[in-house]
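*Asks:* File follows, my_file_8.pdb with PDB, C-alpha atoms:
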```pdb
ATOM      1  CA  MET A 198     -12.395 -18.144  -8.347
ATOM      2  CA  ILE A 199      -9.563 -17.553  -5.864
ATOM      3  CA  GLU A 200      -6.992 -18.217  -8.586
ATOM      4  CA  PHE A 201      -8.499 -15.530 -10.819
ATOM      5  CA  LEU A 202      -8.472 -13.035  -7.938
ATOM      6  CA  LEU A 203      -4.833 -13.936  -7.244
ATOM      7  CA  PHE A 204      -4.123 -13.200 -10.901
ATOM      8  CA  VAL A 205      -5.829  -9.776 -10.650
ATOM      9  CA  ILE A 206      -3.767  -8.882  -7.569
ATOM     10  CA  ALA A 207      -0.562 -10.068  -9.251
ATOM     11  CA  LEU A 208      -1.428  -7.818 -12.203
ATOM     12  CA  ALA A 209      -1.773  -4.907  -9.740
ATOM     13  CA  ILE A 210       1.690  -5.714  -8.315
ATOM     14  CA  PHE A 211       3.109  -5.777 -11.849
ATOM     15  CA  LEU A 212       1.531  -2.406 -12.750
ATOM     16  CA  SER A 213       2.972  -0.731  -9.667
ATOM     17  CA  PHE A 214       6.328  -2.351 -10.448
ATOM     18  CA  ILE A 215       6.262  -0.509 -13.794
ATOM     19  CA  ARG A 216       5.990   2.775 -11.866
ATOM     20  CA  PHE A 217       8.806   1.557  -9.605
ATOM     21  CA  ILE A 218      11.031   1.134 -12.670
ATOM     22  CA  LYS A 219       9.918   4.299 -14.481
ATOM     23  CA  GLY A 220       9.572   6.791 -11.605
ATOM     24  CA  PRO A 221      11.457  10.009 -12.347
ATOM     25  CA  HIS A 222      12.371  10.798  -8.736
ATOM     26  CA  LEU A 223      13.293   8.746  -5.691
ATOM     27  CA  THR A 224       9.987   9.684  -4.011
ATOM     28  CA  ASP A 225       7.961   8.168  -6.863
ATOM     29  CA  ARG A 226       9.853   4.943  -6.420
ATOM     30  CA  VAL A 227       9.247   4.946  -2.684
ATOM     31  CA  VAL A 228       5.503   5.526  -3.212
ATOM     32  CA  ALA A 229       5.396   2.625  -5.667
ATOM     33  CA  PHE A 230       7.332   0.450  -3.202
ATOM     34  CA  ASP A 231       4.869   1.271  -0.406
ATOM     35  CA  THR A 232       1.883   0.387  -2.601
ATOM     36  CA  MET A 233       3.603  -2.807  -3.756
ATOM     37  CA  GLY A 234       4.104  -3.834  -0.132
ATOM     38  CA  ILE A 235       0.442  -3.381   0.775
ATOM     39  CA  ILE A 236      -0.736  -5.237  -2.343
ATOM     40  CA  ALA A 237       1.734  -8.056  -1.609
ATOM     41  CA  VAL A 238       0.349  -8.357   1.943
ATOM     42  CA  SER A 239      -3.156  -8.813   0.500
ATOM     43  CA  PHE A 240      -1.756 -11.335  -1.993
ATOM     44  CA  LEU A 241      -0.190 -13.380   0.818
ATOM     45  CA  VAL A 242      -3.414 -13.294   2.874
ATOM     46  CA  LEU A 243      -5.397 -14.546  -0.118
ATOM     47  CA  LEU A 244      -2.733 -17.188  -0.821
ATOM     48  CA  SER A 245      -3.046 -18.481   2.745
ATOM     49  CA  ILE A 246      -6.690 -19.474   2.195
ATOM     50  CA  SER A 247      -5.994 -20.678  -1.336
ATOM     51  CA  ILE A 248      -3.554 -23.358  -0.123
ATOM     52  CA  LYS A 249      -5.085 -23.625   3.389
ATOM     53  CA  SER A 250      -2.008 -22.863   5.475
ATOM     54  CA  SER A 251      -2.110 -20.157   8.119
ATOM     55  CA  LEU A 252       1.681 -19.849   8.020
ATOM     56  CA  TYR A 253       1.388 -17.288   5.232
ATOM     57  CA  LEU A 254      -0.400 -14.879   7.578
ATOM     58  CA  ASP A 255       2.753 -14.606   9.682
ATOM     59  CA  ILE A 256       4.775 -13.982   6.529
ATOM     60  CA  ALA A 257       2.279 -11.264   5.584
ATOM     61  CA  PHE A 258       2.768  -9.662   9.000
ATOM     62  CA  VAL A 259       6.552  -9.602   8.605
ATOM     63  CA  PHE A 260       6.154  -8.237   5.072
ATOM     64  CA  ALA A 261       3.947  -5.362   6.290
ATOM     65  CA  LEU A 262       6.461  -4.531   9.050
ATOM     66  CA  ILE A 263       9.471  -4.563   6.705
ATOM     67  CA  GLY A 264       7.630  -2.481   4.076
ATOM     68  CA  PHE A 265       6.703   0.148   6.667
ATOM     69  CA  ILE A 266      10.241   0.379   8.058
ATOM     70  CA  GLY A 267      11.722   0.545   4.552
ATOM     71  CA  THR A 268       9.378   3.352   3.530
ATOM     72  CA  ILE A 269      10.197   5.393   6.640
ATOM     73  CA  ILE A 270      13.940   4.878   6.206
ATOM     74  CA  PHE A 271      13.906   5.851   2.533
ATOM     75  CA  ALA A 272      11.811   8.979   3.173
ATOM     76  CA  ARG A 273      14.126  10.128   5.975
ATOM     77  CA  PHE A 274      17.207   9.326   3.894
ATOM     78  CA  ASN A 275      15.806  11.356   0.996
ATOM     79  CA  VAL A 276      15.604  14.471   3.188
ATOM     80  CA  ALA A 277      18.813  13.931   5.152
ATOM     81  CA  LYS A 278      20.915  13.430   2.032
ATOM     82  CA  ASP A 279      19.971  16.926   0.879
ATOM     83  CA  ARG A 280      20.729  18.568   4.184
ATOM     84  CA  ASP A 281      24.291  17.291   4.380
ATOM     85  CA  ALA A 282      25.239  18.468   0.909
TER      86      ALA A 282
ATOM     87  CA  MET B 166     -24.359 -17.011   2.703
ATOM     88  CA  LEU B 167     -21.042 -16.307   4.437
ATOM     89  CA  ASN B 168     -19.207 -17.595   1.355
ATOM     90  CA  THR B 169     -21.126 -15.179  -0.875
ATOM     91  CA  ILE B 170     -20.312 -12.211   1.360
ATOM     92  CA  GLY B 171     -16.666 -13.275   1.539
ATOM     93  CA  TYR B 172     -16.214 -13.713  -2.206
ATOM     94  CA  THR B 173     -17.996 -10.412  -2.957
ATOM     95  CA  SER B 174     -15.782  -8.570  -0.496
ATOM     96  CA  ILE B 175     -12.598 -10.148  -1.842
ATOM     97  CA  THR B 176     -13.592  -9.287  -5.433
ATOM     98  CA  LEU B 177     -14.287  -5.688  -4.442
ATOM     99  CA  GLY B 178     -10.907  -5.496  -2.704
ATOM    100  CA  ALA B 179      -9.052  -6.916  -5.701
ATOM    101  CA  ILE B 180     -10.753  -4.405  -8.021
ATOM    102  CA  LEU B 181      -9.765  -1.567  -5.645
ATOM    103  CA  LEU B 182      -6.139  -2.774  -5.615
ATOM    104  CA  LEU B 183      -6.122  -2.879  -9.428
ATOM    105  CA  ILE B 184      -7.587   0.665  -9.557
ATOM    106  CA  SER B 185      -4.872   1.866  -7.183
ATOM    107  CA  ALA B 186      -2.128   0.351  -9.361
ATOM    108  CA  ILE B 187      -3.622   1.867 -12.532
ATOM    109  CA  GLY B 188      -3.812   5.252 -10.792
ATOM    110  CA  LEU B 189      -0.165   4.887  -9.807
ATOM    111  CA  ILE B 190       0.712   4.615 -13.498
ATOM    112  CA  ARG B 191      -1.701   7.176 -14.945
ATOM    113  CA  MET B 192      -1.368  10.073 -12.474
ATOM    114  CA  PRO B 193       0.937  12.919 -13.558
ATOM    115  CA  ASP B 194       2.518  14.028 -10.275
ATOM    116  CA  THR B 195       4.128  12.539  -7.170
ATOM    117  CA  ILE B 196       1.450  13.803  -4.797
ATOM    118  CA  THR B 197      -1.441  12.610  -6.974
ATOM    119  CA  ARG B 198       0.305   9.256  -7.332
ATOM    120  CA  MET B 199       0.454   9.094  -3.561
ATOM    121  CA  HIS B 200      -3.274   9.904  -3.444
ATOM    122  CA  ALA B 201      -4.007   6.968  -5.732
ATOM    123  CA  GLY B 202      -1.470   4.607  -4.268
ATOM    124  CA  THR B 203      -2.073   4.796  -0.526
ATOM    125  CA  LYS B 204      -5.778   5.360   0.110
ATOM    126  CA  ALA B 205      -7.279   2.997  -2.453
ATOM    127  CA  SER B 206      -4.847   0.227  -1.567
ATOM    128  CA  THR B 207      -5.602   0.589   2.165
ATOM    129  CA  LEU B 208      -9.342   0.221   1.513
ATOM    130  CA  GLY B 209      -8.760  -2.675  -0.879
ATOM    131  CA  SER B 210      -6.589  -4.606   1.572
ATOM    132  CA  LEU B 211      -9.140  -4.052   4.351
ATOM    133  CA  PHE B 212     -11.882  -5.452   2.073
ATOM    134  CA  ILE B 213      -9.717  -8.478   1.334
ATOM    135  CA  PHE B 214      -9.018  -9.085   5.038
ATOM    136  CA  ALA B 215     -12.763  -8.856   5.798
ATOM    137  CA  GLY B 216     -13.573 -11.296   3.005
ATOM    138  CA  VAL B 217     -10.951 -13.805   4.171
ATOM    139  CA  ALA B 218     -12.281 -13.493   7.731
ATOM    140  CA  PHE B 219     -15.758 -14.352   6.400
ATOM    141  CA  LEU B 220     -14.418 -17.368   4.504
ATOM    142  CA  GLU B 221     -12.235 -18.715   7.354
ATOM    143  CA  PRO B 222     -13.517 -17.422  10.725
ATOM    144  CA  SER B 223     -10.729 -19.190  12.628
ATOM    145  CA  LEU B 224      -8.147 -16.786  11.202
ATOM    146  CA  SER B 225     -10.032 -13.644  12.213
ATOM    147  CA  PHE B 226      -7.825 -12.721  15.200
ATOM    148  CA  LYS B 227      -4.654 -12.515  13.105
ATOM    149  CA  LEU B 228      -6.536 -10.702  10.347
ATOM    150  CA  ILE B 229      -7.868  -8.076  12.779
ATOM    151  CA  LEU B 230      -4.326  -7.597  14.075
ATOM    152  CA  LEU B 231      -3.003  -7.197  10.518
ATOM    153  CA  ALA B 232      -5.791  -4.726   9.615
ATOM    154  CA  LEU B 233      -5.047  -2.668  12.748
ATOM    155  CA  PHE B 234      -1.345  -2.644  11.861
ATOM    156  CA  ILE B 235      -2.042  -1.431   8.322
ATOM    157  CA  LEU B 236      -4.530   1.189   9.545
ATOM    158  CA  LEU B 237      -1.933   2.431  12.042
ATOM    159  CA  THR B 238       1.171   2.516   9.848
ATOM    160  CA  ASN B 239      -0.100   3.481   6.396
ATOM    161  CA  PRO B 240      -1.169   7.099   7.170
ATOM    162  CA  LEU B 241       2.117   7.560   9.059
ATOM    163  CA  SER B 242       4.287   6.434   6.158
ATOM    164  CA  SER B 243       2.322   8.454   3.593
ATOM    165  CA  SER B 244       2.556  11.562   5.788
ATOM    166  CA  ILE B 245       6.346  11.196   6.040
ATOM    167  CA  LEU B 246       6.535  10.601   2.277
ATOM    168  CA  ALA B 247       4.510  13.754   1.542
ATOM    169  CA  ARG B 248       6.734  15.752   3.897
ATOM    170  CA  SER B 249       9.898  14.530   2.199
ATOM    171  CA  THR B 250       8.413  15.277  -1.237
ATOM    172  CA  TYR B 251       7.545  18.813  -0.161
ATOM    173  CA  ILE B 252      10.999  19.464   1.258
ATOM    174  CA  LYS B 253      12.768  17.957  -1.761
ATOM    175  CA  HIS B 254      10.684  19.209  -4.709
ATOM    176  CA  GLY B 255       7.812  21.327  -3.386
ATOM    177  CA  PHE B 256       4.299  21.249  -4.820
ATOM    178  CA  LEU B 257       1.428  23.608  -5.681
ATOM    179  CA  ASN B 258       0.425  25.407  -2.495
ATOM    180  CA  LEU B 259      -2.333  28.048  -2.743
ATOM    181  CA  SER B 260      -3.207  28.273   0.950
ATOM    182  CA  GLY B 261      -0.559  30.843   1.893
ATOM    183  CA  MET B 262       0.547  28.740   4.866
ATOM    184  CA  ASP B 263       3.911  27.003   4.986
ATOM    185  CA  ASP B 264       4.794  25.313   8.244
ATOM    186  CA  LEU B 265       7.890  23.688   6.743
ATOM    187  CA  LYS B 266       9.418  26.985   5.565
ATOM    188  CA  ASP B 267      12.508  26.845   7.759
ATOM    189  CA  LYS B 268      13.029  23.128   7.097
ATOM    190  CA  LYS B 269      13.753  23.677   3.425
TER     191      LYS B 269
END
```
Any chance you could put this one into structure tokens?
*Replies:*
Amino acid sequence: MIEFLLFVIALAIFLSFIRFIKGPHLTDRVVAFDTMGIIAVSFLVLLSISIKSSLYLDIAFVFALIGFIGTIIFARFNVAKDRDA
Amino acid sequence: MLNTIGYTSITLGAILLLISAIGLIRMPDTITRMHAGTKASTLGSLFIFAGVAFLEPSLSFKLILLALFILLTNPLSSSILARSTYIKHGFLNLSGMDDLKDKK
């Protein structure tokens, strides 16, 4: 049961990765990256009860933090790059 | 009983995450992609956290902390993304108000 749900979530990560590759603008890619981060956090949480190790919850926490900081930095960089030019 | 609630909640969350990824591919515009990609995935991850907390009650403190973190940071990051999209490309605005006029 858990393995099938892990497969469904991995399929969701793959579908948003397609948008990450295809996205016409930088903002599309950043949106896809943000969504991929949240889905990967859920994947790690589900993995931690699938193999019964609570270590993966800490990894999920770090992943959420790094995804948030990366999204903020890319959004600010997208605006600031325009203003300098 | 708790197992049934947990598995139902996790299944619902996984379906919501899949819907959010499909919406990310199918939507035509950056803002509509953001609509599909941030809200549905937040709800789906919260369902998954609730289901895991039902299955393993000893992990519930960390899961509540993680859910609070996602609830706190996800609207913030999507707001900043929408602002940067509006400054960079602009989008359809019929309200007649433009608070970011001088930022462009």
*Asks:* May I ask which of the residues B:Gly261, B:Gly171, B:Ile235, B:Leu208 is the closest one to chain A, counting all atoms listed in the file?
*Replies:*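 Residue with the minimum atom-to-atom distance to chain A: B:Ile235.
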*Asks:* Using all atoms listed in the file, determine which residues lie at most 12 Å from Leu230 in chain B, disregarding the query and same-chain residues fewer than 4 positions distant; provide the list as a ChimeraX atom specification.
*Replies:* /A:254-255,257-258,261 /B:211,214-215,218,224-226,234-237
*Asks:* Taking only C-alpha atoms into account, produce a table as CSV in which each residue of chain B with an atom at most 7 Å from an atom of chain A appears once, together with its shortest atom pair and the distance in Å to one decimal, ordered by chain and rising number.
*Replies:*
```
residue,atom,partner,partner_atom,distance
B:Thr176,CA,A:Leu202,CA,6.8
B:Ala179,CA,A:Ile206,CA,5.9
B:Leu182,CA,A:Ala209,CA,6.4
B:Leu183,CA,A:Ala209,CA,4.8
B:Ala186,CA,A:Ser213,CA,5.2
B:Ile187,CA,A:Leu212,CA,6.7
B:Leu189,CA,A:Ser213,CA,6.4
B:Ile190,CA,A:Arg216,CA,5.8
B:Thr195,CA,A:Asp225,CA,5.8
B:Met199,CA,A:Val228,CA,6.2
B:Gly202,CA,A:Thr232,CA,5.6
B:Thr203,CA,A:Thr232,CA,6.3
B:Ser206,CA,A:Thr232,CA,6.8
B:Ser210,CA,A:Ser239,CA,5.5
B:Ile213,CA,A:Ser239,CA,6.6
B:Leu231,CA,A:Phe258,CA,6.5
B:Thr238,CA,A:Phe265,CA,6.8
B:Ser242,CA,A:Ile269,CA,6.0
B:Ile245,CA,A:Ala272,CA,6.6
B:Leu246,CA,A:Ala272,CA,5.6
B:Ser249,CA,A:Val276,CA,5.8
B:Thr250,CA,A:Thr224,CA,6.4
B:Lys253,CA,A:Val276,CA,6.7
```
*Asks:* Starting from 6 Å padding per side, set up an axis-aligned box that covers all listed atoms of range 227-230 of chain B and hand over centre and edge lengths in Å, one decimal, as JSON.
*Replies:*
```
{"center_x": -6.1, "center_y": -10.1, "center_z": 12.2, "size_x": 15.5, "size_y": 16.9, "size_z": 15.7}
```
*Asks:* What is the distance, in Å and to one decimal place, between CA of Leu220 in chain B and CA of Ser185 in chain B?
*Replies:*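 Atom-to-atom, CA of Leu220 in chain B and CA of Ser185 in chain B are spaced 24.4 Å apart.
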*Asks:* Just how far from CA of Gly216 in chain B is CA of Leu252 in chain A, in Å to one decimal?
*Replies:*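 Distance reported for this atom pair: 18.2 Å.
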*Asks:* For a test of reading the model, state the distance in Å between CA of Ile175 in chain B and CA of Val217 in chain B, rounded to one decimal.
*Replies:*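 Between CA of Ile175 in chain B and CA of Val217 in chain B the gap is 7.2 Å.
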